[in-house]
Every structure is written in structure tokens, then in C-alpha cells.
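Working notes for the structure below.
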Amino acid sequence: MTSPITNQIGAVFIPVSDIERSRNWYCSLLGLPADEEVLFGHLYVIPMQGPGIVLDSKIYTPESILKVPAFHLNTEDIDAAYDFVKASGAELLTDIENDHWFNFKDPDGNVLMICRC
């Protein structure tokens, strides 16, 4: 039987407590303008290349935050990315590991990863 479900990820949802603050933080992290509309008062779709990231304040609870990375953001320069995240004031959870990746938290405590690819 052929599955009607494609083997593609459409978007990853991140629970956030304050949609406007999170929109601004993520857009700053990614070097994007924070000028897209907040949808239905609780959703912000970050314009990404590839699968999308959807910030959602409706699904937020302290228990719902991502305790491990659900995905990684790409960089070609892991050292510059680490310095940029550190300068942003984000909580760093690891140093650069194996000259390849590091973890940090967003303002709500969601664990994110940046990986040199």
C-alpha cells in the first residue's frame, strides 16, 4: 500500500510564552526582519529555507518546552555562530563540541542546537 504521507517535514513547532518577544528574538538570531504578521494572536511562522519554524504561544506551558534539540540550525562558521549567540545573551549549554555543534536556550528555555554543515 502506498502512503499518502510524504517523507518531508513541513514545520517544527516551538512553544513560546510571549509571541512578540519570541518573534523578535528568533528573527534577530537568524538575521531576519520581524515584519511578518502574528497569526490568530498566537502563531508566528519564521520564513526559513526548507522546513519552517512555527512559534506558538497557545501550546506553551513550562512542561512543554523543548528539553533536547528537536532540530539544528545550520552554519558554515561554527566559531562565529558561537560568538554571535554568546553576545546575544542566550544561555549557552555547551562549548563547541567536536568542532561541529553547540547547544543553547531561547528566552523560554527551549534547547536549540547550531551545527556546522
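Letters A, B, ... mark the chains of the C-alpha cells in the order given; residue numbers begin at 1 per chain; ligand numbers begin at 1, in order shown.
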
Polymer residues at most 12 Å from Glu76 in chain A, only C-alpha atoms, same-chain spacing of 4 or more positions, as a PyMOL selection string: chain A and resi 80-82+99-101+114-117

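Distances here use only C-alpha atoms; by that measure, the residue among A:Pro47, A:Ile14, A:Asn24, A:Phe84 closest to Val111 in chain A is A:Ile14.
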
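Minimum distance to Asp106 in chain A across A:Glu91, A:Asp77, A:Glu63, A:Asp56 (counting only C-alpha atoms) occurs at A:Glu91.
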
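Ranking A:Phe104, A:Trp25, A:Phe13, A:Phe71 by their shortest atom-to-atom distance to Lys58 in chain A, with only C-alpha atoms included, puts A:Phe13 first.
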
Surrounding residues of Pro69 in chain A excluding itself and chain neighbours under 5 positions, 8 Å, only C-alpha atoms, as a ChimeraX atom specification: /A:103,110-113

Give the strand (DSSP E) residues of chain A, as assigned by DSSP on the backbone, as a PyMOL selection string. chain A and resi 11-15+43-46+52-56+72-75+91-92+101-105+111-116

File of the preceding selection, N, CA and C atoms, as a compact mmCIF listing (two decimals), in the first residue's frame:
```txt
# COMPACT_ATOMS: atom_id res chain seq x y z
N ALA A 11 7.00 21.70 9.09
CA ALA A 11 7.37 22.72 10.08
C ALA A 11 7.59 22.06 11.43
N VAL A 12 8.36 22.74 12.26
CA VAL A 12 8.59 22.35 13.65
C VAL A 12 7.96 23.42 14.52
N PHE A 13 7.15 23.02 15.50
CA PHE A 13 6.51 23.96 16.42
C PHE A 13 7.38 24.14 17.66
N ILE A 14 7.53 25.38 18.08
CA ILE A 14 8.26 25.70 19.31
C ILE A 14 7.31 26.43 20.24
N PRO A 15 7.10 25.90 21.45
CA PRO A 15 6.23 26.58 22.40
C PRO A 15 6.93 27.80 22.99
N LEU A 43 0.49 32.63 16.70
CA LEU A 43 1.40 31.91 15.81
C LEU A 43 2.29 32.88 15.04
N TYR A 44 3.56 32.54 14.93
CA TYR A 44 4.46 33.28 14.05
C TYR A 44 5.26 32.28 13.25
N VAL A 45 5.15 32.36 11.93
CA VAL A 45 5.88 31.46 11.04
C VAL A 45 7.16 32.18 10.61
N ILE A 46 8.29 31.63 11.02
CA ILE A 46 9.58 32.22 10.65
C ILE A 46 9.88 31.83 9.21
N GLY A 52 9.82 24.81 7.92
CA GLY A 52 9.56 26.02 8.67
C GLY A 52 9.67 25.84 10.18
N ILE A 53 9.77 26.97 10.86
CA ILE A 53 9.68 27.02 12.31
C ILE A 53 8.45 27.84 12.63
N VAL A 54 7.57 27.28 13.46
CA VAL A 54 6.37 27.97 13.88
C VAL A 54 6.46 28.20 15.38
N LEU A 55 6.49 29.47 15.79
CA LEU A 55 6.45 29.82 17.20
C LEU A 55 4.98 29.84 17.58
N ASP A 56 4.63 29.21 18.71
CA ASP A 56 3.22 29.11 19.10
C ASP A 56 3.08 29.35 20.59
N HIS A 72 18.36 21.15 14.26
CA HIS A 72 19.51 22.05 14.41
C HIS A 72 19.46 23.10 13.32
N LEU A 73 19.98 24.26 13.66
CA LEU A 73 20.16 25.35 12.70
C LEU A 73 21.55 25.21 12.11
N ASN A 74 21.68 25.49 10.83
CA ASN A 74 22.96 25.32 10.14
C ASN A 74 23.82 26.58 10.20
N THR A 75 25.11 26.36 10.16
CA THR A 75 26.09 27.44 9.99
C THR A 75 27.27 26.89 9.21
N GLU A 91 21.60 31.72 26.93
CA GLU A 91 22.28 30.80 27.84
C GLU A 91 22.91 29.66 27.04
N LEU A 92 24.23 29.61 27.04
CA LEU A 92 24.96 28.54 26.36
C LEU A 92 24.98 27.31 27.25
N TRP A 101 29.29 21.45 16.72
CA TRP A 101 27.97 21.86 17.19
C TRP A 101 28.03 22.42 18.60
N PHE A 102 26.95 23.15 18.99
CA PHE A 102 26.76 23.59 20.37
C PHE A 102 25.27 23.76 20.63
N ASN A 103 24.92 23.72 21.92
CA ASN A 103 23.53 23.88 22.36
C ASN A 103 23.39 25.13 23.21
N PHE A 104 22.20 25.73 23.16
CA PHE A 104 21.88 26.92 23.93
C PHE A 104 20.37 26.98 24.13
N LYS A 105 19.91 27.95 24.92
CA LYS A 105 18.48 28.08 25.19
C LYS A 105 17.93 29.38 24.62
N VAL A 111 15.66 24.20 24.29
CA VAL A 111 17.04 23.89 23.92
C VAL A 111 17.15 23.82 22.40
N LEU A 112 18.10 24.57 21.88
CA LEU A 112 18.36 24.65 20.45
C LEU A 112 19.79 24.22 20.16
N MET A 113 20.05 23.82 18.92
CA MET A 113 21.38 23.42 18.51
C MET A 113 21.75 24.15 17.22
N ILE A 114 23.01 24.53 17.14
CA ILE A 114 23.58 25.02 15.89
C ILE A 114 24.70 24.08 15.50
N CYS A 115 24.71 23.71 14.22
CA CYS A 115 25.62 22.69 13.71
C CYS A 115 26.32 23.20 12.45
N ARG A 116 27.63 22.97 12.37
CA ARG A 116 28.37 23.29 11.16
C ARG A 116 28.10 22.21 10.13
```

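For the atom pair formed by CA of Leu66 in chain A and CA of Ser3 in chain A, the distance is 29.3 Å, given to one decimal.
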
Go through chain A and collect every residue that DSSP, computed from the backbone, puts in helix (DSSP H, G or I); the answer should be as a count of residues only. 25

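The shortest atom-to-atom distance to Ala87 in chain A, with only C-alpha atoms taken into account, belongs to A:Ser28 out of A:Ala34, A:Ala70, A:Ser28, A:Pro51.
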
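The gap separating CA of Ser57 in chain A from CA of His42 in chain A is 5.0 Å, in Å to one decimal.
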
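Of the residues under consideration (A:Pro33, A:Pro107, A:Asn7, A:Val38), A:Val38 shows the shortest atom-to-atom contact distance to Glu20 in chain A when counting only C-alpha atoms.
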